[in-house]
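Novice: Input target.txt, format and content: compact mmCIF, C-alpha atoms.
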# COMPACT_ATOMS: atom_id res chain seq x y z
CA MET A 47 69.31 -65.76 -64.28
CA ALA A 48 69.80 -62.04 -63.59
CA LEU A 49 66.15 -61.72 -62.56
CA LEU A 50 66.42 -64.81 -60.34
CA GLY A 51 69.55 -63.39 -58.69
CA ALA A 52 67.83 -60.04 -58.05
CA LEU A 53 64.83 -61.75 -56.47
CA LEU A 54 67.10 -63.89 -54.28
CA LEU A 55 69.03 -60.81 -53.16
CA ALA A 56 65.81 -58.98 -52.32
CA PHE A 57 64.63 -61.98 -50.30
CA LEU A 58 67.88 -62.16 -48.34
CA VAL A 59 67.83 -58.43 -47.59
CA GLY A 60 64.22 -58.64 -46.44
CA ALA A 61 64.95 -61.69 -44.29
CA HIS A 62 67.72 -59.86 -42.43
CA ALA A 63 65.98 -56.49 -42.14
CA GLU A 64 65.61 -55.50 -38.50
CA LEU A 65 62.03 -55.24 -37.31
CA PRO A 66 60.93 -52.14 -35.40
CA GLY A 67 60.02 -52.34 -31.74
CA CYS A 68 58.15 -49.06 -31.95
CA LYS A 69 56.26 -47.24 -34.69
CA ILE A 70 55.04 -43.65 -34.66
CA ARG A 71 52.48 -42.23 -37.05
CA ILE A 72 51.95 -38.49 -37.44
CA THR A 73 48.74 -37.78 -39.29
CA SER A 74 47.73 -34.73 -41.30
CA LYS A 75 45.58 -33.63 -38.35
CA ALA A 76 48.78 -32.81 -36.44
CA LEU A 77 50.15 -30.61 -39.20
CA GLU A 78 48.19 -27.52 -38.16
CA LEU A 79 50.25 -27.33 -34.96
CA VAL A 80 53.45 -28.03 -36.89
CA LYS A 81 52.52 -25.37 -39.45
CA GLN A 82 52.25 -22.61 -36.86
CA GLU A 83 55.77 -23.34 -35.61
CA GLY A 84 57.02 -23.67 -39.17
CA LEU A 85 55.60 -20.31 -40.20
CA ARG A 86 57.23 -18.58 -37.25
CA PHE A 87 60.52 -20.18 -38.20
CA LEU A 88 60.01 -19.17 -41.85
CA GLU A 89 59.29 -15.57 -40.89
CA GLN A 90 62.47 -15.39 -38.81
CA GLU A 91 64.54 -16.78 -41.67
CA LEU A 92 63.05 -14.47 -44.29
CA GLU A 93 64.01 -11.53 -42.09
CA THR A 94 67.63 -12.58 -42.59
CA ILE A 95 67.45 -12.06 -46.36
CA THR A 96 70.23 -9.81 -47.57
CA ILE A 97 69.55 -8.11 -50.89
CA PRO A 98 72.49 -6.56 -52.75
CA ASP A 99 72.53 -2.80 -53.25
CA LEU A 100 70.70 -1.61 -56.32
CA ARG A 101 72.54 1.15 -58.17
CA GLY A 102 71.75 2.83 -61.46
CA ARG A 103 71.66 5.95 -63.58
CA GLU A 104 68.92 7.49 -65.65
CA GLY A 105 70.06 10.61 -67.46
CA GLN A 106 71.68 12.89 -64.87
CA PHE A 107 70.07 11.07 -61.94
CA TYR A 108 72.14 8.60 -59.92
CA TYR A 109 70.26 6.38 -57.48
CA ASN A 110 71.30 3.82 -54.87
CA ILE A 111 68.97 1.49 -52.96
CA SER A 112 70.70 -0.20 -50.00
CA GLU A 113 70.14 -1.86 -46.61
CA VAL A 114 67.05 -3.71 -47.83
CA LYS A 115 65.51 -5.68 -44.97
CA VAL A 116 62.41 -7.85 -44.69
CA THR A 117 60.42 -6.60 -41.70
CA GLU A 118 57.35 -8.85 -41.67
CA LEU A 119 55.53 -11.68 -43.39
CA GLN A 120 51.77 -11.48 -43.81
CA LEU A 121 49.99 -14.67 -44.82
CA THR A 122 46.69 -14.97 -46.63
CA SER A 123 46.78 -18.67 -47.40
CA SER A 124 49.15 -21.43 -46.31
CA GLU A 125 49.03 -25.21 -46.33
CA LEU A 126 51.31 -27.91 -44.91
CA HIS A 127 50.83 -31.45 -46.19
CA PHE A 128 52.57 -34.76 -46.71
CA GLN A 129 53.63 -35.85 -50.15
CA PRO A 130 54.64 -39.42 -51.00
CA GLU A 131 57.22 -40.80 -50.54
CA GLN A 132 59.26 -38.81 -48.02
CA GLU A 133 58.33 -35.18 -48.31
CA LEU A 134 56.74 -32.52 -46.15
CA VAL A 135 55.46 -29.66 -48.32
CA LEU A 136 54.71 -26.08 -47.27
CA GLN A 137 52.65 -24.06 -49.77
CA ILE A 138 52.17 -20.31 -49.29
CA THR A 139 50.08 -18.29 -51.74
CA ASN A 140 49.22 -14.60 -52.09
CA ALA A 141 51.36 -13.53 -49.12
CA SER A 142 53.06 -10.18 -48.68
CA LEU A 143 56.43 -9.09 -47.36
CA GLY A 144 57.06 -5.82 -45.61
CA LEU A 145 60.36 -4.19 -46.63
CA ARG A 146 62.43 -1.27 -45.47
CA PHE A 147 65.36 0.19 -47.37
CA ARG A 148 67.57 3.23 -47.65
CA ARG A 149 67.25 5.48 -50.72
CA GLN A 150 69.90 7.84 -52.13
CA LEU A 151 69.48 10.13 -55.14
CA VAL A 152 72.14 12.46 -56.63
CA TYR A 153 71.45 15.07 -59.31
CA TRP A 154 74.40 17.31 -60.01
CA PHE A 155 75.08 18.86 -56.62
CA LEU A 156 71.70 17.98 -55.16
CA TYR A 157 71.38 15.01 -52.82
CA ASP A 158 68.36 13.27 -51.27
CA GLY A 159 68.38 10.32 -48.88
CA GLY A 160 66.42 8.55 -46.18
CA TYR A 161 64.57 5.36 -45.35
CA ILE A 162 61.33 4.20 -46.89
CA ASN A 163 58.92 1.29 -46.43
CA ALA A 164 57.83 -0.94 -49.28
CA SER A 165 55.84 -4.13 -49.77
CA ALA A 166 56.13 -7.19 -51.96
CA GLU A 167 52.70 -8.48 -52.96
CA GLY A 168 51.51 -11.76 -54.37
CA VAL A 169 54.34 -13.77 -52.80
CA SER A 170 54.10 -17.49 -53.53
CA ILE A 171 56.43 -20.01 -51.92
CA ARG A 172 56.45 -23.77 -52.31
CA THR A 173 59.13 -25.64 -50.37
CA ALA A 174 59.39 -29.39 -49.87
CA LEU A 175 61.56 -31.07 -47.24
CA GLN A 176 62.74 -34.55 -48.09
CA LEU A 177 63.09 -36.56 -44.87
CA SER A 178 65.47 -39.45 -44.41
CA ARG A 179 67.55 -41.35 -41.89
CA ASP A 180 71.21 -40.53 -41.33
CA ALA A 181 73.97 -43.01 -40.45
CA THR A 182 73.31 -42.66 -36.71
CA GLY A 183 69.56 -43.29 -36.98
CA ARG A 184 68.43 -39.68 -36.61
CA ILE A 185 65.81 -38.12 -38.82
CA LYS A 186 67.31 -35.51 -41.12
CA VAL A 187 66.40 -33.22 -44.01
CA SER A 188 68.25 -34.72 -46.96
CA ASN A 189 67.07 -32.20 -49.57
CA VAL A 190 65.05 -29.03 -49.93
CA SER A 191 63.27 -28.08 -53.12
CA CYS A 192 61.89 -24.58 -53.47
CA GLN A 193 59.95 -22.38 -55.85
CA ALA A 194 59.30 -18.73 -54.99
CA SER A 195 57.95 -15.73 -56.85
CA VAL A 196 56.92 -12.14 -56.15
CA SER A 197 54.18 -10.82 -58.43
CA ARG A 198 54.47 -7.11 -57.72
CA MET A 199 56.06 -4.55 -55.46
CA HIS A 200 54.99 -1.17 -54.21
CA ALA A 201 56.95 1.66 -52.59
CA ALA A 202 55.49 5.01 -51.53
CA PHE A 203 58.19 7.55 -52.32
CA GLY A 204 57.93 11.06 -50.91
CA GLY A 205 59.97 14.16 -50.31
CA THR A 206 61.33 16.86 -52.61
CA PHE A 207 62.24 14.40 -55.35
CA LYS A 208 58.98 12.46 -55.23
CA LYS A 209 58.30 13.00 -58.95
CA VAL A 210 61.81 11.86 -59.81
CA TYR A 211 61.42 8.68 -57.71
CA GLU A 212 58.09 7.96 -59.35
CA PHE A 213 59.86 8.26 -62.71
CA LEU A 214 62.61 5.92 -61.55
CA SER A 215 60.35 3.55 -59.65
CA THR A 216 59.86 1.25 -62.63
CA PHE A 217 63.57 0.50 -62.72
CA ILE A 218 63.98 0.39 -58.94
CA ILE A 219 60.96 -1.78 -58.20
CA SER A 220 61.56 -4.26 -61.01
CA GLY A 221 65.19 -4.61 -59.92
CA MET A 222 64.25 -5.17 -56.28
CA ARG A 223 61.62 -7.72 -57.26
CA PHE A 224 64.18 -9.62 -59.34
CA LEU A 225 66.71 -9.62 -56.49
CA LEU A 226 64.09 -10.68 -53.93
CA ASN A 227 63.01 -13.58 -56.14
CA GLN A 228 66.62 -14.73 -56.23
CA GLN A 229 67.09 -14.61 -52.46
CA ILE A 230 64.06 -16.41 -50.97
CA CYS A 231 64.93 -20.00 -51.97
CA PRO A 232 68.62 -19.90 -50.94
CA VAL A 233 67.55 -18.74 -47.48
CA LEU A 234 65.02 -21.57 -47.19
CA TYR A 235 67.51 -24.13 -48.46
CA HIS A 236 70.02 -23.03 -45.82
CA ALA A 237 67.33 -23.08 -43.14
CA GLY A 238 66.31 -26.64 -43.99
CA THR A 239 69.62 -28.33 -44.71
CA VAL A 240 71.78 -26.48 -42.17
CA LEU A 241 69.75 -24.92 -39.37
CA LEU A 242 67.04 -27.56 -39.08
CA ASN A 243 69.55 -30.41 -39.39
CA SER A 244 71.72 -28.78 -36.72
CA LEU A 245 68.70 -28.84 -34.44
CA LEU A 246 67.91 -32.48 -35.30
CA ASP A 247 71.54 -33.43 -34.58
CA THR A 248 70.98 -32.51 -30.93
CA VAL A 249 68.28 -35.17 -30.53
CA PRO A 250 69.86 -38.28 -28.95
CA VAL A 251 69.01 -41.71 -30.34
CA ARG A 252 70.45 -43.56 -27.33
CA SER A 253 69.59 -42.30 -23.89
CA SER A 254 69.60 -43.52 -20.30
CA VAL A 255 66.23 -44.27 -18.74
CA ASP A 256 67.64 -44.45 -15.20
CA GLU A 257 70.90 -45.45 -13.56
CA LEU A 258 70.55 -49.05 -14.79
CA VAL A 259 69.00 -49.14 -18.23
CA GLY A 260 69.13 -47.14 -21.46
CA ILE A 261 67.02 -47.11 -24.61
CA ASP A 262 67.87 -47.01 -28.30
CA TYR A 263 65.18 -45.28 -30.34
CA SER A 264 67.07 -44.75 -33.58
CA LEU A 265 65.28 -44.87 -36.92
CA LEU A 266 65.66 -48.15 -38.81
CA LYS A 267 64.83 -46.72 -42.22
CA ASP A 268 63.75 -43.53 -43.93
CA PRO A 269 60.36 -42.12 -42.89
CA VAL A 270 57.55 -43.01 -45.28
CA ALA A 271 54.95 -40.41 -46.20
CA SER A 272 51.56 -40.92 -47.74
CA ASP A 273 48.92 -38.33 -48.58
CA SER A 274 47.56 -38.43 -45.04
CA ASN A 275 50.36 -39.47 -42.66
CA LEU A 276 54.06 -39.94 -41.95
CA ASP A 277 55.19 -43.32 -40.56
CA MET A 278 58.49 -43.85 -38.75
CA ASP A 279 60.02 -47.16 -37.63
CA PHE A 280 62.19 -47.03 -34.50
CA ARG A 281 64.42 -49.72 -33.01
CA GLY A 282 62.70 -49.35 -29.61
CA ALA A 283 65.23 -51.51 -27.76
CA PHE A 284 66.39 -51.26 -24.15
CA PHE A 285 69.83 -52.26 -22.96
CA PRO A 286 71.65 -52.44 -19.59
CA LEU A 287 74.04 -49.50 -19.23
CA ALA A 288 76.75 -51.88 -18.00
CA GLU A 289 76.49 -53.79 -21.31
CA GLU A 290 75.89 -51.11 -23.94
CA ASN A 291 76.73 -53.46 -26.81
CA TRP A 292 74.23 -56.11 -25.70
CA SER A 293 71.04 -56.40 -27.71
CA LEU A 294 68.07 -58.76 -27.71
CA THR A 295 67.13 -60.37 -31.01
CA ASN A 296 63.75 -59.14 -32.17
CA ARG A 297 61.51 -62.10 -32.99
CA ALA A 298 58.23 -60.36 -32.21
CA VAL A 299 55.47 -59.53 -34.65
CA GLU A 300 55.92 -56.10 -36.22
CA PRO A 301 53.59 -53.50 -34.65
CA GLN A 302 50.82 -52.29 -36.94
CA LEU A 303 49.18 -48.89 -37.35
CA GLN A 304 45.82 -48.73 -39.11
CA GLU A 305 44.00 -45.65 -37.88
CA GLU A 306 44.30 -42.00 -38.90
CA GLU A 307 41.65 -40.24 -36.83
CA ARG A 308 43.95 -38.72 -34.16
CA MET A 309 47.03 -36.54 -34.54
CA VAL A 310 49.65 -39.05 -33.36
CA TYR A 311 49.67 -42.83 -32.92
CA VAL A 312 52.33 -44.93 -31.18
CA ALA A 313 52.52 -48.73 -31.51
CA PHE A 314 54.81 -51.04 -29.52
CA SER A 315 55.63 -54.68 -30.15
CA GLU A 316 56.26 -57.37 -27.53
CA PHE A 317 59.98 -56.88 -28.24
CA PHE A 318 59.87 -53.35 -26.82
CA PHE A 319 58.74 -54.62 -23.43
CA ASP A 320 60.76 -57.84 -23.52
CA SER A 321 63.98 -55.93 -24.11
CA ALA A 322 63.14 -53.64 -21.20
CA MET A 323 62.43 -56.50 -18.81
CA GLU A 324 65.48 -58.48 -19.91
CA SER A 325 67.67 -55.40 -19.53
CA TYR A 326 66.49 -54.87 -15.96
CA PHE A 327 66.93 -58.58 -15.32
CA ARG A 328 70.53 -58.45 -16.56
CA ALA A 329 71.08 -55.40 -14.38
CA GLU A 330 69.85 -57.48 -11.40
CA ALA A 331 67.08 -55.04 -10.65
CA LEU A 332 64.11 -57.44 -10.72
CA LYS A 333 64.02 -58.26 -7.05
CA LEU A 334 62.10 -57.03 -4.07
CA SER A 335 63.08 -57.46 -0.45
CA LEU A 336 60.71 -56.56 2.39
CA VAL A 337 61.99 -56.72 5.98
CA GLY A 338 60.29 -55.96 9.26
CA ASP A 339 57.88 -53.04 9.02
CA LYS A 340 58.08 -53.10 5.23
CA VAL A 341 56.14 -56.40 5.19
CA PRO A 342 52.41 -55.57 5.24
CA HIS A 343 50.96 -56.42 8.67
CA ASP A 344 48.35 -58.91 7.38
CA LEU A 345 50.95 -60.70 5.27
CA ASP A 346 53.32 -60.87 8.26
CA MET A 347 50.60 -62.48 10.38
CA LEU A 348 49.70 -64.95 7.60
CA LEU A 349 53.29 -66.08 7.12
CA ARG A 350 53.98 -66.42 10.84
CA ALA A 351 50.80 -68.48 11.24
CA THR A 352 51.71 -70.67 8.25
CA TYR A 353 55.21 -71.40 9.52
CA PHE A 354 54.30 -71.43 13.20
CA GLY A 355 55.53 -75.00 13.62
CA SER A 356 58.91 -74.19 12.12
CA ILE A 357 59.21 -71.01 14.17
CA VAL A 358 58.52 -72.63 17.55
CA LEU A 359 61.25 -75.17 16.91
CA LEU A 360 63.78 -72.37 16.67
CA SER A 361 65.70 -70.81 19.50
CA PRO A 362 63.50 -68.53 21.67
CA ALA A 363 65.96 -65.71 20.88
CA VAL A 364 64.92 -65.59 17.24
CA ILE A 365 61.18 -66.32 17.43
CA ASP A 366 60.21 -62.63 17.60
CA SER A 367 62.75 -61.53 15.00
CA PRO A 368 61.59 -59.43 12.05
CA LEU A 369 60.23 -61.36 9.10
CA LYS A 370 61.83 -61.07 5.65
CA LEU A 371 60.05 -61.71 2.35
CA GLU A 372 62.27 -61.73 -0.73
CA LEU A 373 61.09 -62.07 -4.32
CA ARG A 374 63.76 -62.56 -6.99
CA VAL A 375 62.95 -63.04 -10.68
CA LEU A 376 64.71 -66.17 -11.98
CA GLU A 377 64.49 -65.54 -15.72
CA PRO A 378 63.59 -62.58 -17.92
CA PRO A 379 59.84 -61.96 -17.87
CA ARG A 380 58.02 -62.14 -21.17
CA CYS A 381 55.24 -59.96 -22.52
CA THR A 382 52.32 -61.17 -24.63
CA ILE A 383 50.17 -58.68 -26.53
CA LYS A 384 46.79 -59.81 -27.86
CA PRO A 385 43.61 -57.98 -28.89
CA SER A 386 42.15 -58.98 -25.52
CA GLY A 387 44.98 -57.26 -23.62
CA SER A 388 48.60 -57.46 -22.56
CA THR A 389 50.05 -59.89 -20.03
CA VAL A 390 53.45 -60.37 -18.41
CA SER A 391 54.63 -63.84 -17.35
CA VAL A 392 57.07 -64.01 -14.44
CA THR A 393 58.88 -66.84 -12.69
CA ALA A 394 60.44 -65.88 -9.38
CA SER A 395 61.77 -67.39 -6.20
CA VAL A 396 60.07 -66.51 -2.94
CA THR A 397 62.15 -66.76 0.20
CA ILE A 398 60.69 -66.37 3.70
CA ALA A 399 63.09 -65.94 6.59
CA LEU A 400 63.54 -64.48 10.07
CA VAL A 401 66.22 -61.83 10.46
CA PRO A 402 67.57 -61.78 14.05
CA PRO A 403 69.58 -58.65 14.88
CA ASP A 404 73.33 -59.16 14.44
CA GLN A 405 72.82 -62.82 13.50
CA PRO A 406 72.54 -64.77 10.25
CA GLU A 407 69.01 -64.94 8.89
CA VAL A 408 67.01 -68.10 9.45
CA GLN A 409 65.24 -69.39 6.35
CA LEU A 410 61.73 -70.70 6.91
CA SER A 411 60.82 -71.59 3.33
CA SER A 412 61.86 -71.23 -0.27
CA MET A 413 59.48 -71.72 -3.14
CA ILE A 414 58.99 -70.95 -6.83
CA MET A 415 56.25 -68.60 -7.97
CA ASP A 416 54.75 -68.55 -11.46
CA ALA A 417 52.64 -65.45 -12.01
CA ARG A 418 50.80 -63.87 -14.89
CA LEU A 419 49.99 -60.20 -14.62
CA SER A 420 47.71 -58.16 -16.82
CA ALA A 421 49.22 -54.87 -17.92
CA LYS A 422 47.43 -51.63 -18.75
CA MET A 423 49.63 -49.06 -20.43
CA ALA A 424 49.19 -45.35 -20.98
CA LEU A 425 51.40 -42.72 -22.57
CA ARG A 426 51.50 -39.57 -20.42
CA GLY A 427 53.76 -36.89 -21.82
CA LYS A 428 57.13 -38.54 -22.35
CA ALA A 429 56.47 -41.40 -19.92
CA LEU A 430 55.01 -44.79 -20.78
CA ARG A 431 53.21 -45.78 -17.59
CA THR A 432 52.13 -49.30 -16.69
CA GLN A 433 49.66 -50.65 -14.16
CA LEU A 434 49.90 -54.35 -13.28
CA ASP A 435 47.23 -56.62 -11.88
CA LEU A 436 47.99 -60.12 -10.57
CA ARG A 437 45.83 -62.62 -12.46
CA ARG A 438 47.33 -66.10 -12.25
CA PHE A 439 49.40 -67.22 -9.30
CA ARG A 440 50.96 -70.57 -8.50
CA ILE A 441 53.58 -71.56 -5.95
CA TYR A 442 55.43 -74.84 -5.68
CA SER A 443 58.54 -76.21 -4.11
CA ASN A 444 61.67 -76.88 -6.07
CA GLN A 445 62.70 -79.45 -3.44
CA SER A 446 59.96 -82.08 -3.47
CA ALA A 447 56.42 -82.82 -4.60
CA LEU A 448 55.39 -83.39 -0.98
CA GLU A 449 56.45 -79.90 -0.01
CA SER A 450 54.54 -78.54 -3.01
CA LEU A 451 51.36 -80.21 -1.69
CA ALA A 452 51.95 -78.60 1.67
CA LEU A 453 52.05 -75.16 0.00
CA ILE A 454 48.61 -75.49 -1.63
CA PRO A 455 46.69 -74.07 1.39
CA LEU A 456 49.02 -71.05 1.35
CA GLN A 457 48.46 -70.24 -2.32
CA ALA A 458 45.10 -68.41 -2.17
CA PRO A 459 45.77 -66.30 0.95
CA LEU A 460 49.32 -65.46 -0.26
CA LYS A 461 47.95 -64.31 -3.61
CA THR A 462 45.47 -62.07 -1.81
CA MET A 463 48.15 -60.63 0.42
CA LEU A 464 50.42 -59.98 -2.56
CA GLN A 465 47.60 -58.16 -4.31
CA ILE A 466 46.92 -56.03 -1.26
CA GLY A 467 50.43 -55.46 0.03
CA VAL A 468 53.02 -55.92 -2.72
CA MET A 469 51.29 -55.00 -6.00
CA PRO A 470 50.60 -51.38 -4.89
CA MET A 471 54.34 -50.93 -4.28
CA LEU A 472 55.20 -52.37 -7.70
CA ASN A 473 52.61 -50.21 -9.41
CA GLU A 474 53.87 -47.10 -7.66
CA ARG A 475 57.25 -47.73 -9.28
CA MET A 476 55.79 -48.64 -12.66
CA TRP A 477 53.53 -45.59 -12.75
CA ARG A 478 56.55 -43.29 -12.66
CA GLY A 479 57.06 -44.33 -16.26
Show this structure as structure tokens.
Specialist:
Amino acid sequence: MALLGALLLAFLVGAHAELPGCKIRITSKALELVKQEGLRFLEQELETITIPDLRGREGQFYYNISEVKVTELQLTSSELHFQPEQELVLQITNASLGLRFRRQLVYWFLYDGGYINASAEGVSIRTALQLSRDATGRIKVSNVSCQASVSRMHAAFGGTFKKVYEFLSTFIISGMRFLLNQQICPVLYHAGTVLLNSLLDTVPVRSSVDELVGIDYSLLKDPVASDSNLDMDFRGAFFPLAEENWSLTNRAVEPQLQEEERMVYVAFSEFFFDSAMESYFRAEALKLSLVGDKVPHDLDMLLRATYFGSIVLLSPAVIDSPLKLELRVLEPPRCTIKPSGSTVSVTASVTIALVPPDQPEVQLSSMIMDARLSAKMALRGKALRTQLDLRRFRIYSNQSALESLALIPLQAPLKTMLQIGVMPMLNERMWRG
């Protein structure tokens, strides 16, 4: 019974798990770029190491080593790789650290002091960052494991007491090496859990796209690492800024990532685009109104010729009035993604009217348009750009079947005019990203 209950619980949890609208894969091929930034960050943090003063006495000689600072990091071999399940591992072998410290030696009434350079050789560091998701959906470093060792140290003492320093160097160098071994990992732990997380906390997971719509790209679960990549599942949901608590239920197929040849892959599901289009629809942004000179000349002539009979029956004062073409989406568009390509289905009303100056507009016709547009998408920098092409186009009247028959001759030329005159304007907006 206990096993049956556990299986039932697992099923219920899986059934209610939110599906991602966007997936991002970072492959091992991208880690070389990440490693260069990571090594610069590591070098800066190692320079902050503070080693306690080293004091001692041998016979009548009193020595004090203070103000020890790391001045540089020289790398011979370094590797950054993923490690299942959630770790990013940096391995450094046979590196060296440049050091500078102040020496002080007292023998009876004699005193010697000054600064000297030293080096730590055979430095090995292995640090692993465990990545997870915090309560807000941000990626965070949940733990840092570290192993560090210094094989040997060397300091070139000089001056009047050079022979004395060489005698004492065994004690001084071994003590400094011990202290340095103790300091490397705490610095890296602080850098990962505090500094890096502070930086990650500044990354928003909900952001406005424009004045109407925002996007939620919070993580849905902890990142998953394999030997060759790191996969992250994001909500990828848009929402109208006027209704920040509104959300569309994700019923789309989960996006899939199979390849590993490039550095980064991004996959979107139909939900990603559907939530965007429904958000703009709820914000009443999916409409286009062209009046007067904004109506392409050929389209203006076509519409005036089509409705010539209706126009001549009007008052002579309004016959030469500017023409108005208004398209208004009636329901949220829907996106379909298939191996053959992506399409967007739209149902809109098309209203054609004359707009006399300082008078109410005179409607010539109102019809329903069903359109299917093919969509080509490209990621350029931070912008997802889309280019639409009108494929299927059908107009009909919502008043009567007879009026729908009368619109058939207008269908082909109107589709052509929309492709020539209206689609370029839509694509100019969409290409902004």
Novice: For a test of reading the model, state the distance in Å between CA of Phe87 (chain A) and CA of Gly238 (chain A), rounded to one decimal.
Specialist: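 Taking CA of Phe87 (chain A) and CA of Gly238 (chain A), their separation equals 10.4 Å.
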Novice: Can you list, as a ChimeraX atom specification, every protein, DNA or RNA residue that comes within 10 Å of Asn275 (chain A) when you count only C-alpha atoms, leaving out same-chain residues fewer than 5 positions away?
Specialist: /A:71-77,127-130,270,306,309-310
Novice: Leaving out Thr462 (chain A) and any residue of its chain fewer than 2 positions from it, which residues lie within 12 Å of it when counting all atoms listed in the file, given as a PDB file with C-alpha atoms, keeping the file's coordinate frame?
Specialist:
ATOM      1  CA  PRO A 342      52.410 -55.570   5.240  1.00  0.00           C
ATOM      2  CA  ASP A 344      48.350 -58.910   7.380  1.00  0.00           C
ATOM      3  CA  LEU A 345      50.950 -60.700   5.270  1.00  0.00           C
ATOM      4  CA  LEU A 348      49.700 -64.950   7.600  1.00  0.00           C
ATOM      5  CA  ASP A 435      47.230 -56.620 -11.880  1.00  0.00           C
ATOM      6  CA  LEU A 436      47.990 -60.120 -10.570  1.00  0.00           C
ATOM      7  CA  ARG A 437      45.830 -62.620 -12.460  1.00  0.00           C
ATOM      8  CA  ARG A 438      47.330 -66.100 -12.250  1.00  0.00           C
ATOM      9  CA  PHE A 439      49.400 -67.220  -9.300  1.00  0.00           C
ATOM     10  CA  LEU A 456      49.020 -71.050   1.350  1.00  0.00           C
ATOM     11  CA  GLN A 457      48.460 -70.240  -2.320  1.00  0.00           C
ATOM     12  CA  ALA A 458      45.100 -68.410  -2.170  1.00  0.00           C
ATOM     13  CA  PRO A 459      45.770 -66.300   0.950  1.00  0.00           C
ATOM     14  CA  LEU A 460      49.320 -65.460  -0.260  1.00  0.00           C
ATOM     15  CA  LEU A 464      50.420 -59.980  -2.560  1.00  0.00           C
ATOM     16  CA  GLN A 465      47.600 -58.160  -4.310  1.00  0.00           C
ATOM     17  CA  ILE A 466      46.920 -56.030  -1.260  1.00  0.00           C
ATOM     18  CA  GLY A 467      50.430 -55.460   0.030  1.00  0.00           C
ATOM     19  CA  VAL A 468      53.020 -55.920  -2.720  1.00  0.00           C
ATOM     20  CA  MET A 469      51.290 -55.000  -6.000  1.00  0.00           C
TER      21      MET A 469
END
Novice: Take every atom of region 230-241 of chain A listed in the file, pad by 4 Å on each side, and give me the axis-aligned box centre and edge lengths in Å, one decimal, as JSON.
Specialist:
{"center_x": 67.9, "center_y": -22.4, "center_z": -45.7, "size_x": 15.7, "size_y": 19.9, "size_z": 20.6}
Novice: Choose the residue, out of A:Phe147, A:Tyr263, A:Asn227, A:Ile219, that has the smallest atom-to-atom separation from Ser170 (chain A); count only C-alpha atoms.
Specialist: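 Once distances to Ser170 (chain A) are computed over only C-alpha atoms, the minimum belongs to A:Asn227.
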Novice: List every protein, DNA or RNA residue with an atom no more than 10 Å from (67.1, -38.6, -27.2) in the file's coordinates, counting only C-alpha atoms, and format the result as a VMD selection string.
Specialist: chain A and resid 184 248 to 254 261 to 264
Novice: Between A:Gly84, A:Pro455, A:Gly67, A:Pro402, which residue has the minimum interatomic distance to Ala298 (chain A), considering only C-alpha atoms?
Specialist: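 Of all the options, A:Gly67 lies closest to Ala298 (chain A).
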Novice: CA of Glu307 (chain A) and CA of Glu64 (chain A) are how many Å apart?
Specialist: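 Between CA of Glu307 (chain A) and CA of Glu64 (chain A) the gap is 28.5 Å.
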Novice: Please complete region 380-390 of chain A with N, CA and C atoms and give it back as an mmCIF file, in the frame of the given file.
Specialist:
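Written file, result-v7.cif:
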data_model
loop_
_atom_site.group_PDB
_atom_site.id
_atom_site.type_symbol
_atom_site.label_atom_id
_atom_site.label_comp_id
_atom_site.auth_asym_id
_atom_site.auth_seq_id
_atom_site.Cartn_x
_atom_site.Cartn_y
_atom_site.Cartn_z
ATOM 1 N N ARG A 380 58.407 -62.249 -19.778
ATOM 2 C CA ARG A 380 58.020 -62.140 -21.170
ATOM 3 C C ARG A 380 56.625 -61.514 -21.275
ATOM 4 N N CYS A 381 56.493 -60.675 -22.296
ATOM 5 C CA CYS A 381 55.240 -59.960 -22.520
ATOM 6 C C CYS A 381 54.486 -60.598 -23.683
ATOM 7 N N THR A 382 53.180 -60.668 -23.560
ATOM 8 C CA THR A 382 52.320 -61.170 -24.630
ATOM 9 C C THR A 382 51.246 -60.129 -24.907
ATOM 10 N N ILE A 383 51.156 -59.694 -26.154
ATOM 11 C CA ILE A 383 50.170 -58.680 -26.530
ATOM 12 C C ILE A 383 49.149 -59.324 -27.463
ATOM 13 N N LYS A 384 47.888 -59.281 -27.064
ATOM 14 C CA LYS A 384 46.790 -59.810 -27.860
ATOM 15 C C LYS A 384 45.680 -58.765 -27.923
ATOM 16 N N PRO A 385 44.735 -58.927 -28.836
ATOM 17 C CA PRO A 385 43.610 -57.980 -28.890
ATOM 18 C C PRO A 385 42.846 -57.897 -27.569
ATOM 19 N N SER A 386 42.867 -58.972 -26.801
ATOM 20 C CA SER A 386 42.150 -58.980 -25.520
ATOM 21 C C SER A 386 42.909 -58.231 -24.420
ATOM 22 N N GLY A 387 44.202 -57.968 -24.637
ATOM 23 C CA GLY A 387 44.980 -57.260 -23.620
ATOM 24 C C GLY A 387 46.416 -57.743 -23.576
ATOM 25 N N SER A 388 47.180 -57.130 -22.708
ATOM 26 C CA SER A 388 48.600 -57.460 -22.560
ATOM 27 C C SER A 388 48.835 -58.164 -21.232
ATOM 28 N N THR A 389 49.714 -59.169 -21.254
ATOM 29 C CA THR A 389 50.050 -59.890 -20.030
ATOM 30 C C THR A 389 51.569 -60.023 -19.924
ATOM 31 N N VAL A 390 52.031 -60.162 -18.690
ATOM 32 C CA VAL A 390 53.450 -60.370 -18.410
ATOM 33 C C VAL A 390 53.568 -61.650 -17.596
#
